[in-house]
$ cat data.tsv   # TSV, C-alpha atoms
chain	number	residue	atom	x	y	z
A	86	TRP	CA	0.00	0.00	0.00
A	87	GLN	CA	1.21	3.49	-0.78
A	88	CYS	CA	0.47	6.04	1.92
A	89	GLU	CA	0.50	9.80	1.92
A	90	LYS	CA	0.42	11.56	5.27
A	91	THR	CA	-0.21	15.29	5.49
A	92	ILE	CA	-0.19	17.27	8.71
A	93	VAL	CA	-3.05	19.72	8.50
A	94	GLN	CA	-3.14	21.13	12.03
A	95	VAL	CA	-1.02	21.30	15.16
A	96	ASP	CA	-2.68	22.37	18.39
A	97	GLY	CA	-0.33	23.17	21.25
A	98	ASP	CA	3.43	22.72	21.29
A	99	LYS	CA	4.69	22.42	17.70
A	100	ASP	CA	8.16	21.25	18.83
A	101	GLN	CA	6.62	18.35	20.82
A	102	ALA	CA	4.47	17.46	17.80
A	103	GLN	CA	7.45	17.47	15.45
A	104	THR	CA	9.54	15.38	17.87
A	105	ALA	CA	6.73	12.82	18.18
A	106	TRP	CA	6.36	12.71	14.38
A	107	ARG	CA	10.10	12.08	13.95
A	108	VAL	CA	10.40	9.32	16.56
A	109	LEU	CA	7.30	7.62	15.12
A	110	GLY	CA	9.22	7.42	11.83
A	111	GLY	CA	8.50	10.72	10.10
A	112	SER	CA	11.28	11.99	7.87
A	113	GLY	CA	11.75	14.94	5.59
A	114	ASP	CA	9.94	18.24	6.07
A	115	PHE	CA	7.37	18.19	8.88
A	116	GLU	CA	5.13	20.66	7.04
A	117	LYS	CA	5.05	18.83	3.69
A	118	PRO	CA	3.22	15.62	2.71
A	119	GLU	CA	5.11	12.45	3.58
A	120	GLU	CA	4.94	9.41	1.28
A	121	TYR	CA	5.81	5.87	2.32
A	122	PHE	CA	4.72	2.26	1.87
A	123	THR	CA	3.09	-0.16	4.26
A	124	LYS	CA	1.98	-3.75	4.00
A	125	PHE	CA	-0.23	-6.09	5.94
A	126	ILE	CA	0.60	-9.65	6.94
A	127	GLU	CA	-1.11	-12.61	8.53
A	128	PRO	CA	-1.32	-12.33	12.31
A	129	PRO	CA	0.51	-14.69	14.67
A	130	ASN	CA	-0.79	-18.27	14.82
A	131	SER	CA	-2.93	-17.65	11.74
A	132	GLU	CA	-3.53	-21.36	11.08
A	133	SER	CA	-5.94	-21.52	14.03
A	134	MET	CA	-7.40	-18.07	13.62
A	135	LEU	CA	-10.99	-18.57	12.60
A	136	MET	CA	-12.12	-19.05	16.16
A	137	LYS	CA	-14.47	-16.56	17.80
A	138	SER	CA	-12.04	-16.17	20.74
A	139	SER	CA	-9.09	-15.04	18.59
A	140	PRO	CA	-8.14	-11.35	18.94
A	141	TYR	CA	-7.60	-11.24	15.16
A	142	THR	CA	-10.98	-12.69	14.17
A	143	TYR	CA	-14.09	-10.57	13.79
A	144	GLU	CA	-17.53	-10.86	12.36
A	145	TYR	CA	-18.34	-9.05	9.12
A	146	GLU	CA	-21.68	-9.37	7.36
A	147	GLY	CA	-22.46	-12.48	9.40
A	148	ASN	CA	-19.19	-14.32	8.65
A	149	LEU	CA	-16.11	-14.88	10.79
A	150	VAL	CA	-13.19	-13.19	9.06
A	151	GLN	CA	-9.47	-13.32	9.84
A	152	GLY	CA	-7.89	-9.91	10.16
A	153	VAL	CA	-4.39	-8.84	9.23
A	154	ILE	CA	-1.76	-6.83	11.04
A	155	GLU	CA	0.52	-4.10	9.80
A	156	ASP	CA	4.13	-5.14	9.21
A	157	ARG	CA	5.46	-2.40	11.46
A	158	ALA	CA	9.13	-3.05	10.59
A	159	PHE	CA	8.43	-2.67	6.85
A	160	THR	CA	6.47	0.54	7.45
A	161	MET	CA	9.18	2.01	9.71
A	162	ARG	CA	11.93	1.28	7.17
A	163	SER	CA	9.83	2.94	4.48
A	164	ARG	CA	9.08	5.99	6.63
A	165	LEU	CA	12.77	6.34	7.49
A	166	HIS	CA	13.51	6.15	3.72
A	167	ASP	CA	16.35	3.77	4.48
A	168	GLY	CA	15.81	0.18	3.35
A	169	GLY	CA	18.92	-0.87	5.28
A	170	ALA	CA	17.87	0.75	8.55
A	171	PHE	CA	18.06	-1.45	11.63
A	172	VAL	CA	14.49	-2.13	12.72
A	173	ALA	CA	13.52	-4.94	15.11
A	174	TRP	CA	9.90	-6.06	15.39
A	175	ASP	CA	8.24	-9.45	15.74
A	176	LYS	CA	4.59	-10.15	14.97
A	177	GLU	CA	4.54	-12.66	17.85
A	178	SER	CA	5.15	-9.78	20.29
A	179	PRO	CA	3.87	-6.82	18.24
A	180	ASN	CA	3.80	-4.19	21.00
A	181	THR	CA	7.54	-3.46	20.83
A	182	LEU	CA	9.50	-1.98	17.94
A	183	THR	CA	13.08	-0.73	18.15
A	184	TYR	CA	15.13	1.01	15.49
A	185	GLU	CA	18.11	3.26	14.94
A	186	ASN	CA	17.40	6.60	13.32
A	187	ASN	CA	19.57	7.95	10.49
A	188	LYS	CA	22.02	9.33	13.09
A	189	GLY	CA	22.46	5.91	14.73
A	190	VAL	CA	20.40	6.86	17.81
A	191	PRO	CA	18.39	3.94	19.26
A	192	VAL	CA	14.63	4.46	19.62
A	193	SER	CA	12.21	2.12	21.37
A	194	LEU	CA	8.43	2.24	20.78
A	195	ASN	CA	6.27	0.24	23.21
A	196	THR	CA	2.50	0.10	22.86
A	197	VAL	CA	1.28	0.04	26.45
A	198	GLN	CA	-2.45	0.29	25.74
A	199	GLN	CA	-4.46	-0.35	22.58
A	200	ASN	CA	-8.11	-0.61	21.61
A	201	VAL	CA	-9.05	-1.89	18.16
A	202	GLU	CA	-12.26	-1.15	16.27
A	203	PHE	CA	-12.78	-4.00	13.82
A	204	PRO	CA	-14.00	-3.29	10.27
A	205	GLY	CA	-17.65	-2.54	9.86
A	206	GLU	CA	-19.94	-0.43	7.72
A	207	LYS	CA	-18.60	2.81	9.19
A	208	GLY	CA	-14.91	1.89	8.93
A	209	PHE	CA	-12.26	0.67	11.34
A	210	GLY	CA	-9.45	2.00	13.47
A	211	PHE	CA	-7.49	1.92	16.70
A	212	ASN	CA	-6.45	3.98	19.68
A	213	ALA	CA	-2.97	3.34	21.12
A	214	LEU	CA	-0.86	4.81	23.91
A	215	ILE	CA	2.81	4.47	22.97
A	216	ARG	CA	5.84	4.89	25.25
A	217	ILE	CA	8.88	6.20	23.37
A	218	THR	CA	12.35	5.83	24.87
A	219	THR	CA	15.41	7.61	23.47
A	220	PRO	CA	18.83	8.46	24.93
A	221	ALA	CA	18.97	11.77	26.81
A	222	GLY	CA	21.85	12.98	24.66
A	223	LEU	CA	24.75	14.60	26.48
A	224	VAL	CA	23.66	13.43	29.94
A	225	PRO	CA	23.34	9.83	31.13
A	226	GLY	CA	19.94	8.18	31.04
A	227	ASN	CA	16.93	8.18	28.77
A	228	ILE	CA	14.04	10.41	27.87
A	229	THR	CA	10.63	8.76	28.04
A	230	ARG	CA	7.88	10.31	25.95
A	231	ALA	CA	4.28	9.28	25.52
A	232	VAL	CA	1.97	9.75	22.56
A	233	ARG	CA	-1.61	8.69	21.95
A	234	VAL	CA	-2.20	7.72	18.32
A	235	GLN	CA	-5.79	7.44	17.14
A	236	ARG	CA	-6.39	6.25	13.59
A	237	ARG	CA	-9.70	5.89	11.81
A	238	TYR	CA	-10.07	4.45	8.32
A	239	ARG	CA	-12.91	4.07	5.85
A	240	ARG	CA	-13.20	2.43	2.48
A	241	GLY	CA	-13.98	4.61	-0.51
A	242	TYR	CA	-13.33	5.30	-4.17
A	243	ASP	CA	-11.08	7.83	-5.83
A	244	ASP	CA	-12.15	10.05	-8.75
A	245	ALA	CA	-11.29	7.26	-11.23
A	246	GLY	CA	-13.46	4.74	-9.37
A	247	LYS	CA	-10.56	2.77	-7.87
A	248	ARG	CA	-10.87	1.44	-4.30
A	249	ILE	CA	-8.97	3.44	-1.71
A	250	VAL	CA	-8.76	3.60	2.05
A	251	GLU	CA	-8.95	7.08	3.55
A	252	GLY	CA	-7.63	7.72	7.02
A	253	LEU	CA	-7.52	10.28	9.76
A	254	GLU	CA	-4.80	10.21	12.38
A	255	LEU	CA	-4.76	12.21	15.59
A	256	VAL	CA	-1.58	12.25	17.67
A	257	LYS	CA	-1.61	13.68	21.17
A	258	THR	CA	1.75	14.39	22.82
A	259	TYR	CA	2.40	14.70	26.54
A	260	ARG	CA	4.67	17.10	28.36
A	261	VAL	CA	8.08	15.72	29.35
A	262	LEU	CA	9.29	16.79	32.80
A	263	ASP	CA	12.65	15.60	34.14
A	264	GLY	CA	12.97	13.13	31.26
A	265	VAL	CA	9.60	11.39	31.81
A	266	ALA	CA	6.28	12.07	30.09
A	267	GLY	CA	3.27	12.67	32.28
A	268	THR	CA	0.13	11.45	30.53
A	269	GLU	CA	-1.95	13.78	32.68
A	270	PHE	CA	-0.32	16.78	30.93
A	271	PRO	CA	-1.13	16.80	27.19
A	272	THR	CA	0.64	19.44	25.09
$ encode --input "data.tsv" --output "structure tokens"
Amino acid sequence: WQCEKTIVQVDGDKDQAQTAWRVLGGSGDFEKPEEYFTKFIEPPNSESMLMKSSPYTYEYEGNLVQGVIEDRAFTMRSRLHDGGAFVAWDKESPNTLTYENNKGVPVSLNTVQQNVEFPGEKGFGFNALIRITTPAGLVPGNITRAVRVQRRYRRGYDDAGKRIVEGLELVKTYRVLDGVAGTEFPT
């Protein structure tokens, strides 16, 4: 899938927003559209998936359907525009992704809370709280940031009649005090 992400509005601290965008994989100019690729893969243990109790199975138009998951490593490499970038992610434990940015700085993204809205007539999406850990720079220790990423998608058609998926993404950043983000203080 080819994606185009355009930032249309920043409420609050623009520097915090740009930092969050960069550590979530954004590259290039923050104020210009970003293009990258993503792909979807079978979820873990997909051979036994079509069971009502599976977190990757949902009901659509009266049928049990197996969902897919985003290949987060592929997407991150594409967003970093560096096919050789070190990115570690495993679909068996999908809540953790680590990578090195183009300056060799290690970044760790840990999804600590996530709610998924399965596909339906009105679309689909998710709401995730992500803990981001990066080195503090010139002083020992790390900086821990938090962002809430809410994505909502819907199926549609472009002007030529081809199927597309439109999306809206809201990212909320949280103030960092003494190297740790406080989720009670959005910026």
$ residues_around --input "data.tsv" --residues "Leu214 (chain A)" --least-positions-apart "4" --cutoff "9 Å" --atoms "only C-alpha atoms" --output "list in words"
Asn195, Thr196, Val197, Gln198, Gln199, Ala231, Val232, Arg233, Val234 and Gln235 of chain A
$ write_last_selection --input "data.tsv" --atoms "C-alpha atoms" --output "PDB file, in the frame of the given file"
ATOM      1  CA  ASN A 195       6.270   0.240  23.210  1.00  0.00           C
ATOM      2  CA  THR A 196       2.500   0.100  22.860  1.00  0.00           C
ATOM      3  CA  VAL A 197       1.280   0.040  26.450  1.00  0.00           C
ATOM      4  CA  GLN A 198      -2.450   0.290  25.740  1.00  0.00           C
ATOM      5  CA  GLN A 199      -4.460  -0.350  22.580  1.00  0.00           C
ATOM      6  CA  ALA A 231       4.280   9.280  25.520  1.00  0.00           C
ATOM      7  CA  VAL A 232       1.970   9.750  22.560  1.00  0.00           C
ATOM      8  CA  ARG A 233      -1.610   8.690  21.950  1.00  0.00           C
ATOM      9  CA  VAL A 234      -2.200   7.720  18.320  1.00  0.00           C
ATOM     10  CA  GLN A 235      -5.790   7.440  17.140  1.00  0.00           C
TER      11      GLN A 235
END
$ atom_distance --input "data.tsv" --atom1 "CA of Arg248 (chain A)" --atom2 "CA of Pro140 (chain A)"
26.7 Å
$ residues_around --input "data.tsv" --residues "Phe203 (chain A)" --least-positions-apart "6" --cutoff "8 Å" --atoms "all atoms listed in the file" --output "mmCIF file with C-alpha atoms, in the frame of the given file"
data_model
loop_
_atom_site.group_PDB
_atom_site.id
_atom_site.type_symbol
_atom_site.label_atom_id
_atom_site.label_comp_id
_atom_site.auth_asym_id
_atom_site.auth_seq_id
_atom_site.Cartn_x
_atom_site.Cartn_y
_atom_site.Cartn_z
ATOM 1 C CA TYR A 143 -14.090 -10.570 13.790
ATOM 2 C CA PHE A 209 -12.260 0.670 11.340
ATOM 3 C CA GLY A 210 -9.450 2.000 13.470
#
$ atom_distance --input "data.tsv" --atom1 "CA of Phe159 (chain A)" --atom2 "CA of Tyr141 (chain A)"
20.0 Å
$ closest_residue --input "data.tsv" --among "A:Thr160, A:Asn200, A:Thr258, A:Asn148" --to "Gly97 (chain A)" --atoms "all atoms listed in the file"
A:Thr258
$ closest_residue --input "data.tsv" --among "A:Lys247, A:Trp86, A:Val224, A:Gly205" --to "Glu146 (chain A)" --atoms "all atoms listed in the file"
A:Gly205
$ residues_around --input "data.tsv" --residues "Gly110 (chain A)" --least-positions-apart "4" --cutoff "7 Å" --atoms "all atoms listed in the file" --output "mmCIF file with C-alpha atoms, in the coordinates of the input"
data_model
loop_
_atom_site.group_PDB
_atom_site.id
_atom_site.type_symbol
_atom_site.label_atom_id
_atom_site.label_comp_id
_atom_site.auth_asym_id
_atom_site.auth_seq_id
_atom_site.Cartn_x
_atom_site.Cartn_y
_atom_site.Cartn_z
ATOM 1 C CA TRP A 106 6.360 12.710 14.380
ATOM 2 C CA MET A 161 9.180 2.010 9.710
ATOM 3 C CA ARG A 164 9.080 5.990 6.630
ATOM 4 C CA LEU A 165 12.770 6.340 7.490
#
$ atom_distance --input "data.tsv" --atom1 "CA of Leu255 (chain A)" --atom2 "CA of Gly226 (chain A)"
29.4 Å
$ residues_around --input "data.tsv" --residues "region 171-174 of chain A" --least-positions-apart "6" --cutoff "6 Å" --atoms "all atoms listed in the file" --output "PyMOL selection string"
chain A and resi 158+182-185
$ closest_residue --input "data.tsv" --among "A:Thr123, A:Asn212, A:Asn227, A:Thr219" --to "Val190 (chain A)" --atoms "only C-alpha atoms"
A:Thr219
$ closest_residue --input "data.tsv" --among "A:Val261, A:Ala170, A:Ile154, A:Glu120" --to "Ala221 (chain A)" --atoms "all atoms listed in the file"
A:Val261
$ residues_around --input "data.tsv" --residues "Ala102 (chain A)" --least-positions-apart "5" --cutoff "9 Å" --atoms "only C-alpha atoms" --output "ChimeraX atom specification"
/A:95-97,107,256-258,272
$ closest_residue --input "data.tsv" --among "A:Thr142, A:Ser163, A:Gln151, A:Thr218" --to "Thr181 (chain A)" --atoms "all atoms listed in the file"
A:Thr218
$ decode --input "data.tsv" --residues "region 209-223 of chain A" --atoms "all heavy atoms" --output "short mmCIF file (atom, residue, chain, number, x, y, z; two decimals), in the first residue's frame"
data_model
loop_
_atom_site.label_atom_id
_atom_site.label_comp_id
_atom_site.auth_asym_id
_atom_site.auth_seq_id
_atom_site.Cartn_x
_atom_site.Cartn_y
_atom_site.Cartn_z
N PHE A 209 -13.02 1.41 10.34
CA PHE A 209 -12.26 0.67 11.34
C PHE A 209 -11.15 1.58 11.86
O PHE A 209 -10.87 2.62 11.27
CB PHE A 209 -11.71 -0.63 10.77
CG PHE A 209 -10.85 -0.45 9.53
CD1 PHE A 209 -9.48 -0.43 9.62
CD2 PHE A 209 -11.44 -0.31 8.28
CE1 PHE A 209 -8.69 -0.28 8.48
CE2 PHE A 209 -10.67 -0.15 7.13
CZ PHE A 209 -9.29 -0.14 7.24
N GLY A 210 -10.52 1.17 12.95
CA GLY A 210 -9.45 2.00 13.47
C GLY A 210 -8.88 1.47 14.76
O GLY A 210 -9.17 0.35 15.19
N PHE A 211 -8.05 2.28 15.41
CA PHE A 211 -7.49 1.92 16.70
C PHE A 211 -7.08 3.16 17.48
O PHE A 211 -7.00 4.26 16.95
CB PHE A 211 -6.31 0.94 16.55
CG PHE A 211 -5.05 1.55 16.01
CD1 PHE A 211 -4.15 2.19 16.84
CD2 PHE A 211 -4.76 1.47 14.66
CE1 PHE A 211 -2.99 2.74 16.34
CE2 PHE A 211 -3.60 2.01 14.15
CZ PHE A 211 -2.71 2.65 15.00
N ASN A 212 -6.84 2.94 18.74
CA ASN A 212 -6.45 3.98 19.68
C ASN A 212 -5.32 3.39 20.53
O ASN A 212 -5.55 2.42 21.25
CB ASN A 212 -7.66 4.35 20.54
CG ASN A 212 -7.37 5.42 21.55
OD1 ASN A 212 -6.23 5.74 21.85
ND2 ASN A 212 -8.43 5.97 22.12
N ALA A 213 -4.12 3.92 20.42
CA ALA A 213 -2.97 3.34 21.12
C ALA A 213 -2.20 4.39 21.91
O ALA A 213 -2.00 5.51 21.45
CB ALA A 213 -2.02 2.68 20.11
N LEU A 214 -1.78 4.00 23.11
CA LEU A 214 -0.86 4.81 23.91
C LEU A 214 0.52 4.19 23.76
O LEU A 214 0.70 3.00 24.05
CB LEU A 214 -1.29 4.83 25.38
CG LEU A 214 -0.42 5.66 26.32
CD1 LEU A 214 -0.46 7.14 25.93
CD2 LEU A 214 -0.87 5.48 27.76
N ILE A 215 1.48 4.98 23.28
CA ILE A 215 2.81 4.47 22.97
C ILE A 215 3.84 5.17 23.83
O ILE A 215 3.88 6.40 23.90
CB ILE A 215 3.14 4.67 21.47
CG1 ILE A 215 2.09 3.96 20.61
CG2 ILE A 215 4.55 4.19 21.16
CD1 ILE A 215 2.19 4.29 19.14
N ARG A 216 4.71 4.36 24.48
CA ARG A 216 5.84 4.89 25.25
C ARG A 216 7.06 4.88 24.34
O ARG A 216 7.38 3.87 23.72
CB ARG A 216 6.10 4.02 26.48
CG ARG A 216 7.27 4.53 27.32
CD ARG A 216 7.53 3.70 28.57
NE ARG A 216 7.71 2.30 28.23
CZ ARG A 216 7.00 1.30 28.78
NH1 ARG A 216 6.05 1.55 29.65
NH2 ARG A 216 7.24 0.06 28.44
N ILE A 217 7.71 6.03 24.24
CA ILE A 217 8.88 6.20 23.37
C ILE A 217 10.09 6.46 24.25
O ILE A 217 10.07 7.39 25.07
CB ILE A 217 8.67 7.38 22.40
CG1 ILE A 217 7.43 7.16 21.55
CG2 ILE A 217 9.92 7.61 21.55
CD1 ILE A 217 6.95 8.40 20.83
N THR A 218 11.13 5.66 24.07
CA THR A 218 12.35 5.83 24.87
C THR A 218 13.51 6.12 23.94
O THR A 218 13.76 5.38 22.98
CB THR A 218 12.64 4.56 25.70
OG1 THR A 218 11.47 4.23 26.46
CG2 THR A 218 13.80 4.79 26.65
N THR A 219 14.22 7.22 24.23
CA THR A 219 15.41 7.61 23.47
C THR A 219 16.49 8.02 24.46
O THR A 219 16.19 8.40 25.59
CB THR A 219 15.11 8.80 22.53
OG1 THR A 219 14.63 9.90 23.30
CG2 THR A 219 14.08 8.43 21.47
N PRO A 220 17.77 7.97 24.04
CA PRO A 220 18.83 8.46 24.93
C PRO A 220 18.65 9.94 25.22
O PRO A 220 18.12 10.69 24.39
CB PRO A 220 20.12 8.22 24.14
CG PRO A 220 19.76 7.21 23.10
CD PRO A 220 18.31 7.43 22.80
N ALA A 221 19.11 10.37 26.40
CA ALA A 221 18.97 11.77 26.81
C ALA A 221 19.93 12.68 26.07
O ALA A 221 19.78 13.90 26.11
CB ALA A 221 19.16 11.90 28.31
N GLY A 222 20.91 12.13 25.41
CA GLY A 222 21.85 12.98 24.66
C GLY A 222 23.15 13.13 25.42
O GLY A 222 23.86 12.15 25.65
N LEU A 223 23.45 14.34 25.85
CA LEU A 223 24.75 14.60 26.48
C LEU A 223 24.80 14.17 27.94
O LEU A 223 25.88 14.11 28.52
CB LEU A 223 25.09 16.09 26.37
CG LEU A 223 25.22 16.62 24.94
CD1 LEU A 223 25.46 18.12 24.96
CD2 LEU A 223 26.34 15.92 24.20
#
